[in-house]
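Structure first, commentary second.
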Amino acid sequence: MIARSGVRLFMAALIVYFFFPFWWLLVSATKSTQALFSSAAFWFHAPASVLDNLSQLFTQQDHAYLHWMINTAIYALAGGVGATAIATLGGYAFAKFSFPGRRFLFAALLGMIMVPSTALVIPTYLLLSKAGLIDTMWAVILPSLLNPFGVYLVRVYVQESVPDELLEAARIDGAGEIGTFVRVALPVIKPALVTVLLFSMVAAWNNFFLPLVMLSDDKLYPLTVGLQSWLQAASIQSGNQVLFNLIITGSLVSILPLIVTFLLLQRYWRGGLTLGSLK
């Protein structure tokens, strides 16, 4: 009983810890520029100020925030969908096919998971500069298509959830390899695909260092780099404190699409999809 109460207290502390930054963003978005630095830090000031902050946010610098949000959506969708497709094909191949070098390639894949993505930014920059892709959207999208952890996750899920007998039954019924993959395997591994998609989209949405290095045109910035440019401008221009309000409000608005995406896709996270499939 005591152990269970301790676990509950620990989980409650974790909830407060992770919710605290979101709460601070929420209450800070209700404050005017003056109240942001003078009122209570962790409580609402004037909820009506949210509308003023939002109006300034979407009109500041010739609607720059709206352009950055569209760019971020493009990067997240292209990178998320592309990374999921590649991870699905690679993970399925590793799980269900035998080919020369399979063990070596999978070991190399595990090694890639251990390498921090930031360590690859400079080599990637040099590679893409040779191809003339620097300062284009492709410089952000192409590196986002590679998700070694997604390949590993799909491979493990396919091994555990797609029995060889199920695939063999489809082949006996006359389905080819592509038909077996599309009609039999994909519906079964849908929870894994949604998981990889969400991880890839969140990583692309929150990506900062890669677009910071690859892009110099502010019209191509994602939200992370765009808000950082405002923060830098606010730090240099000491009298331009209104930017701090816009940065806070913009940070709050930037996480809302991720929350909506998780709520819409969470119903696909369910197991037991193969229960009774062999009966």
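By convention here, the chains of the structure tokens are called A, B, ... in the order presented, each chain's residues are numbered starting at 1, and ligands are numbered starting at 1 in the order presented.
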
inquiry  = At a cut-off of 10 Å, using only C-alpha atoms, what residues contact Trp138 (chain A)? Leave out same-chain residues fewer than 6 positions from it and give the result as a list in words.
reply    =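 Skipping anything fewer than 6 positions along the chain leaves Tyr75, Ala78, Leu128, Ser144 and Met214 of chain A.
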
Non-local contacts of Thr180 (chain A) (12 Å; only C-alpha atoms; under 6 positions in same chain excluded) as a PyMOL selection string = chain A and resi 92+96+162+164-174+186-188

query = If you run DSSP on the backbone, which residues of region 54-277 of chain A are alpha helix (DSSP H), as a ChimeraX atom specification?
reply = /A:54-96,102-114,121-130,138-144,148-161,164-172,177-180,186-188,190-205,209-214,223-236,242-265

Point-to-point distance in Å for CA of Val27 (chain A) and CA of Phe44 (chain A) =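 That distance, rounded to one decimal, is 4.8 Å.
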
request  = Might you pull out every residue within 12 Å of Leu66 (chain A), with only C-alpha atoms counted and same-chain residues fewer than 2 positions away left off, and present them as a PyMOL selection string?
outcome  = chain A and resi 54-64+68-73+219-223+226-227+250+253-254

What does the file look like for those residues with N, CA and C atoms, as a PDB file, in the first residue's frame?
```pdb
ATOM      1  N   LEU A  54      -2.392  37.773 -30.091  1.00  0.00           N
ATOM      2  CA  LEU A  54      -2.546  36.973 -31.311  1.00  0.00           C
ATOM      3  C   LEU A  54      -2.606  37.860 -32.547  1.00  0.00           C
ATOM      4  N   SER A  55      -3.320  38.988 -32.425  1.00  0.00           N
ATOM      5  CA  SER A  55      -3.405  39.913 -33.558  1.00  0.00           C
ATOM      6  C   SER A  55      -2.031  40.444 -33.941  1.00  0.00           C
ATOM      7  N   GLN A  56      -1.239  40.835 -32.940  1.00  0.00           N
ATOM      8  CA  GLN A  56       0.110  41.317 -33.227  1.00  0.00           C
ATOM      9  C   GLN A  56       1.002  40.207 -33.764  1.00  0.00           C
ATOM     10  N   LEU A  57       0.791  39.001 -33.227  1.00  0.00           N
ATOM     11  CA  LEU A  57       1.626  37.874 -33.640  1.00  0.00           C
ATOM     12  C   LEU A  57       1.512  37.607 -35.132  1.00  0.00           C
ATOM     13  N   PHE A  58       0.288  37.595 -35.642  1.00  0.00           N
ATOM     14  CA  PHE A  58       0.074  37.214 -37.045  1.00  0.00           C
ATOM     15  C   PHE A  58       0.231  38.384 -38.016  1.00  0.00           C
ATOM     16  N   THR A  59       0.442  39.582 -37.491  1.00  0.00           N
ATOM     17  CA  THR A  59       0.670  40.734 -38.377  1.00  0.00           C
ATOM     18  C   THR A  59       2.097  41.266 -38.294  1.00  0.00           C
ATOM     19  N   GLN A  60       2.834  40.825 -37.292  1.00  0.00           N
ATOM     20  CA  GLN A  60       4.202  41.323 -37.108  1.00  0.00           C
ATOM     21  C   GLN A  60       5.097  40.941 -38.295  1.00  0.00           C
ATOM     22  N   GLN A  61       5.902  41.856 -38.711  1.00  0.00           N
ATOM     23  CA  GLN A  61       6.928  41.630 -39.752  1.00  0.00           C
ATOM     24  C   GLN A  61       6.295  41.051 -41.026  1.00  0.00           C
ATOM     25  N   ASP A  62       5.204  41.688 -41.480  1.00  0.00           N
ATOM     26  CA  ASP A  62       4.539  41.294 -42.720  1.00  0.00           C
ATOM     27  C   ASP A  62       4.093  39.831 -42.680  1.00  0.00           C
ATOM     28  N   HIS A  63       3.390  39.462 -41.600  1.00  0.00           N
ATOM     29  CA  HIS A  63       2.805  38.121 -41.434  1.00  0.00           C
ATOM     30  C   HIS A  63       3.884  37.030 -41.454  1.00  0.00           C
ATOM     31  N   ALA A  64       5.036  37.314 -40.873  1.00  0.00           N
ATOM     32  CA  ALA A  64       6.148  36.358 -40.893  1.00  0.00           C
ATOM     33  C   ALA A  64       5.791  35.074 -40.143  1.00  0.00           C
ATOM     34  N   TRP A  68       6.110  31.178 -41.355  1.00  0.00           N
ATOM     35  CA  TRP A  68       6.928  30.196 -40.647  1.00  0.00           C
ATOM     36  C   TRP A  68       6.105  28.966 -40.263  1.00  0.00           C
ATOM     37  N   MET A  69       4.851  29.190 -39.892  1.00  0.00           N
ATOM     38  CA  MET A  69       4.003  28.052 -39.523  1.00  0.00           C
ATOM     39  C   MET A  69       3.715  27.170 -40.741  1.00  0.00           C
ATOM     40  N   ILE A  70       3.462  27.784 -41.884  1.00  0.00           N
ATOM     41  CA  ILE A  70       3.242  27.011 -43.112  1.00  0.00           C
ATOM     42  C   ILE A  70       4.500  26.225 -43.471  1.00  0.00           C
ATOM     43  N   ASN A  71       5.652  26.872 -43.362  1.00  0.00           N
ATOM     44  CA  ASN A  71       6.908  26.174 -43.633  1.00  0.00           C
ATOM     45  C   ASN A  71       7.091  24.984 -42.697  1.00  0.00           C
ATOM     46  N   THR A  72       6.796  25.192 -41.416  1.00  0.00           N
ATOM     47  CA  THR A  72       6.945  24.118 -40.437  1.00  0.00           C
ATOM     48  C   THR A  72       6.011  22.964 -40.752  1.00  0.00           C
ATOM     49  N   ALA A  73       4.780  23.266 -41.160  1.00  0.00           N
ATOM     50  CA  ALA A  73       3.835  22.216 -41.528  1.00  0.00           C
ATOM     51  C   ALA A  73       4.337  21.418 -42.726  1.00  0.00           C
ATOM     52  N   LYS A 219      12.348  33.739 -45.122  1.00  0.00           N
ATOM     53  CA  LYS A 219      11.071  33.281 -45.661  1.00  0.00           C
ATOM     54  C   LYS A 219      10.944  31.758 -45.640  1.00  0.00           C
ATOM     55  N   LEU A 220      12.059  31.055 -45.466  1.00  0.00           N
ATOM     56  CA  LEU A 220      12.060  29.596 -45.400  1.00  0.00           C
ATOM     57  C   LEU A 220      12.173  29.081 -43.978  1.00  0.00           C
ATOM     58  N   TYR A 221      12.272  29.969 -42.996  1.00  0.00           N
ATOM     59  CA  TYR A 221      12.453  29.550 -41.609  1.00  0.00           C
ATOM     60  C   TYR A 221      11.262  28.730 -41.115  1.00  0.00           C
ATOM     61  N   PRO A 222      11.513  27.715 -40.291  1.00  0.00           N
ATOM     62  CA  PRO A 222      10.420  27.122 -39.510  1.00  0.00           C
ATOM     63  C   PRO A 222      10.167  27.964 -38.271  1.00  0.00           C
ATOM     64  N   LEU A 223       9.183  27.575 -37.478  1.00  0.00           N
ATOM     65  CA  LEU A 223       8.828  28.360 -36.299  1.00  0.00           C
ATOM     66  C   LEU A 223       9.977  28.451 -35.303  1.00  0.00           C
ATOM     67  N   GLY A 226      12.503  30.958 -36.607  1.00  0.00           N
ATOM     68  CA  GLY A 226      11.877  32.269 -36.693  1.00  0.00           C
ATOM     69  C   GLY A 226      11.711  32.912 -35.331  1.00  0.00           C
ATOM     70  N   LEU A 227      11.209  32.146 -34.350  1.00  0.00           N
ATOM     71  CA  LEU A 227      11.051  32.700 -33.006  1.00  0.00           C
ATOM     72  C   LEU A 227      12.405  33.027 -32.380  1.00  0.00           C
ATOM     73  N   GLY A 250       3.627  33.051 -29.594  1.00  0.00           N
ATOM     74  CA  GLY A 250       3.961  32.193 -30.729  1.00  0.00           C
ATOM     75  C   GLY A 250       4.384  30.807 -30.303  1.00  0.00           C
ATOM     76  N   VAL A 253       1.140  28.956 -29.424  1.00  0.00           N
ATOM     77  CA  VAL A 253       0.387  28.566 -30.631  1.00  0.00           C
ATOM     78  C   VAL A 253       1.100  27.439 -31.369  1.00  0.00           C
ATOM     79  N   SER A 254       2.417  27.403 -31.325  1.00  0.00           N
ATOM     80  CA  SER A 254       3.170  26.411 -32.099  1.00  0.00           C
ATOM     81  C   SER A 254       2.971  24.991 -31.600  1.00  0.00           C
TER      82      SER A 254
END
```
